[in-house]
Amino acid sequence: MSNVSGLSPGGASPSNPLVHTLLGAGRRTPRKVAIYSAAGEMTFGRLEELSAQLAHALVEDYGVARGARVAVHEAASANVLALNVACARVGALFVPLNTAYTDREVLELLDDCEPVLLVREAALATSVARATLGELVDAARDRPGVFGDEVTDESTPAAMLFTSGTTGRPKGAVLTQGNLVFGCVTLTREWAIDADDVLVHVLPLFHVHGLFVAAYCALASGASLRLLGGFDVDRVIEALPASTVLMGVPTHFTRLLGDERFDAAVTASMRLFVSGSAPMLVSTHEEFFARTGHRILERYGMTETGMITSNPLRGERRVGTVGTALPGVAVRVEGPSPGVVQVRGPNVFAGYWKRPDLTETEFTPDGYFITGDVGVLDADGYLEIVGREKDLIITGGLNVYPKELELIIDAFPGVLESAVVGVPDADFGEAVTAVVVAHPDAHLDVDDLRERARAAMAPFKVPKRFVVVPALARNTMGKVQKSEIRRDLATRPPR
Ligand code: AMP
């Protein structure tokens, strides 16, 4: 980790690597706007000052100390980012909660992470001290604009993110300052993000993609963030002509393509579109290039590991792959290909909060984290993600990888997209089932789909059932919710 401490040259180890990484570049341009948002403009100087003032308020008013958790259930805003920096200054863990969580879910997570403070607008029946973000900022107002940052190192826990796992109880992934600094420094270099960039920010700040990739890369390089507080086609199209970088999930790009105003002229000042968090269809890549002349750069990562692979900024971006391992990150595919993707490196998290049992089973004896994603590595090191291990279908004793079938079905005329899942079946163990969405102007006939599938794949792979639906169930990060699709299928009468 010693080679990733901060972005500035010189080599001396900073006393708080995360604060140094997040504020270092901005300290050279205090009057420059760091964050444009609905609330106005925040300069780098103000971010520095507010984060110091908030750090004072956290410590003096709420007893937040090194190692304490600060849970944050707030919409994306510049103040949330300042609060995150304040936690880094104190050495506390920033614990952002999905804004879609209900009170019951928030209470469960509070029980789990036992924060010293909950930052959220609405009251909640909990013994945890609560403040609204506005109250915190008010409390911070008269405090000194400088703060003696806690002395930390790469191993200091900096954040806990509850994984957006589609099944089971959420688990808190503990990320260290070293994890976050490594990710930020590596991506900033790989994607050449610098102070001239203006990044359109449309992602949640409670997720690795929106916080540690998009927001951190911009702050750390002294670039400006246009914080839109969510994805809205009109606002993105408005922001793009004065911007250079957009990071999004595949659904964002398909929504942009669905708007006829989105074209080469609107994207003329843009230099980089990054997609991740969910697989992007080959057709989306192609349509995007045809419409704008830009090739989307697809990368792959997860909460527990930060970013793992990326297609190159310069060099070949291979559609259908998530690129090659980032420098310093080791990636391997275990067993016969396709196999489970395993990863080791300074990007890999410290473990699950209060779950040493899981930490043990999710790592190999030689220290690789088992991602649960199934993939294929080609001869040049490009990784293709075939699906999640738990989504693998075993039908009549034979393995079926949903992605392989989805790619074939997506290419049938009139098909917009598809999801292939296994549903319990007395005969086969699991029956291959395809849920298909039609193009807006097409009509799909299930017999025709079945005929085409018979001609295109081995008999055991041919879906036993095709179901045409208006849309695929997705979560906020655009991930198709296969467990929800399976549940929904269970309630539909068989055809
Ligand atoms: P999360 O922890 O919410 O970031 O989810 C991580 C998971 O998202 C990974 O384990 C993958 O299953 C999926 N994922 C992320 N990026 C990609 C990508 N580019 N292509 C396919 N799946 C992806």
# chains A, B, ... in the order shown; residues from 1 in each chain; ligands from 1
>>> residues_near_ligand(ligand="ligand 1", cutoff="10 Å", atoms="only C-alpha atoms and all ligand atoms", output="PyMOL selection string")
chain A and resi 161-166+173+207-210+249-250+274-281+297-311+320-323+341+370-375+383-389+475-480
>>> select_by_dssp(residues="segment 247-466 of chain A", states="alpha helix (DSSP H)", output="VMD selection string")
chain A and resid 250 to 257 282 to 292 356 to 361 402 to 410 446 to 456
>>> residues_around(residues="Pro463 of chain A", least_positions_apart="5", cutoff="10 Å", atoms="only C-alpha atoms", output="list in words")
Leu405, Val420, Val421, Gly422, Ala431, Val432, Thr433, Ala434, Val435, Leu449, Arg450, Ala453, Arg454 and Met457 of chain A
>>> residues_around(residues="Gly148 of chain A", least_positions_apart="2", cutoff="9 Å", atoms="only C-alpha atoms", output="list in words")
Ala52, Arg89, Val90, Val146, Glu150 and Val151 of chain A
>>> write_last_selection(atoms="N, CA, C and O atoms", output="mmCIF file, in the first residue's frame")
data_model
loop_
_atom_site.group_PDB
_atom_site.id
_atom_site.type_symbol
_atom_site.label_atom_id
_atom_site.label_comp_id
_atom_site.auth_asym_id
_atom_site.auth_seq_id
_atom_site.Cartn_x
_atom_site.Cartn_y
_atom_site.Cartn_z
ATOM 1 N N ALA A 52 -13.925 20.513 8.160
ATOM 2 C CA ALA A 52 -13.258 20.736 9.455
ATOM 3 C C ALA A 52 -14.291 21.118 10.516
ATOM 4 O O ALA A 52 -14.271 20.593 11.643
ATOM 5 N N ARG A 89 -11.703 12.779 8.649
ATOM 6 C CA ARG A 89 -10.820 13.611 9.482
ATOM 7 C C ARG A 89 -10.810 13.103 10.919
ATOM 8 O O ARG A 89 -9.795 13.137 11.608
ATOM 9 N N VAL A 90 -11.968 12.606 11.375
ATOM 10 C CA VAL A 90 -12.095 12.134 12.756
ATOM 11 C C VAL A 90 -11.596 10.683 12.887
ATOM 12 O O VAL A 90 -11.351 10.193 13.987
ATOM 13 N N VAL A 146 -10.392 24.863 10.755
ATOM 14 C CA VAL A 146 -9.270 23.921 10.667
ATOM 15 C C VAL A 146 -9.493 22.844 11.719
ATOM 16 O O VAL A 146 -10.130 23.082 12.748
ATOM 17 N N GLU A 150 -7.217 13.202 12.669
ATOM 18 C CA GLU A 150 -6.755 11.992 13.339
ATOM 19 C C GLU A 150 -5.623 11.381 12.499
ATOM 20 O O GLU A 150 -5.707 11.350 11.259
ATOM 21 N N VAL A 151 -4.585 10.932 13.188
ATOM 22 C CA VAL A 151 -3.496 10.289 12.443
ATOM 23 C C VAL A 151 -3.903 8.843 12.152
ATOM 24 O O VAL A 151 -4.215 8.072 13.066
#
>>> closest_atom_pairs(of="segment 73-139 of chain A", to="segment 225-248 of chain A", cutoff="8 Å", atoms="only C-alpha atoms", output="JSON lines")
{"residue": "A:Ala75", "atom": "CA", "partner": "A:Gly229", "partner_atom": "CA", "distance": 7.3}
{"residue": "A:Ala76", "atom": "CA", "partner": "A:Gly229", "partner_atom": "CA", "distance": 5.3}
{"residue": "A:Ser77", "atom": "CA", "partner": "A:Gly229", "partner_atom": "CA", "distance": 6.7}
{"residue": "A:Ala78", "atom": "CA", "partner": "A:Leu227", "partner_atom": "CA", "distance": 7.6}
>>> write_last_selection(atoms="all heavy atoms", output="mmCIF file, in the first residue's frame")
data_model
loop_
_atom_site.group_PDB
_atom_site.id
_atom_site.type_symbol
_atom_site.label_atom_id
_atom_site.label_comp_id
_atom_site.auth_asym_id
_atom_site.auth_seq_id
_atom_site.Cartn_x
_atom_site.Cartn_y
_atom_site.Cartn_z
ATOM 1 N N ALA A 75 -30.476 12.123 1.322
ATOM 2 C CA ALA A 75 -30.362 12.246 -0.131
ATOM 3 C C ALA A 75 -28.993 12.808 -0.494
ATOM 4 O O ALA A 75 -28.349 13.482 0.319
ATOM 5 C CB ALA A 75 -31.453 13.178 -0.652
ATOM 6 N N ALA A 76 -28.555 12.536 -1.717
ATOM 7 C CA ALA A 76 -27.234 13.007 -2.168
ATOM 8 C C ALA A 76 -27.174 14.531 -2.142
ATOM 9 O O ALA A 76 -28.082 15.207 -2.627
ATOM 10 C CB ALA A 76 -26.976 12.512 -3.588
ATOM 11 N N SER A 77 -26.114 15.069 -1.556
ATOM 12 C CA SER A 77 -25.920 16.521 -1.546
ATOM 13 C C SER A 77 -24.451 16.812 -1.282
ATOM 14 O O SER A 77 -23.685 15.937 -0.845
ATOM 15 C CB SER A 77 -26.767 17.173 -0.440
ATOM 16 O OG SER A 77 -26.227 16.854 0.832
ATOM 17 N N ALA A 78 -24.063 18.079 -1.521
ATOM 18 C CA ALA A 78 -22.684 18.487 -1.261
ATOM 19 C C ALA A 78 -22.375 18.328 0.231
ATOM 20 O O ALA A 78 -21.263 17.952 0.619
ATOM 21 C CB ALA A 78 -22.483 19.937 -1.703
#
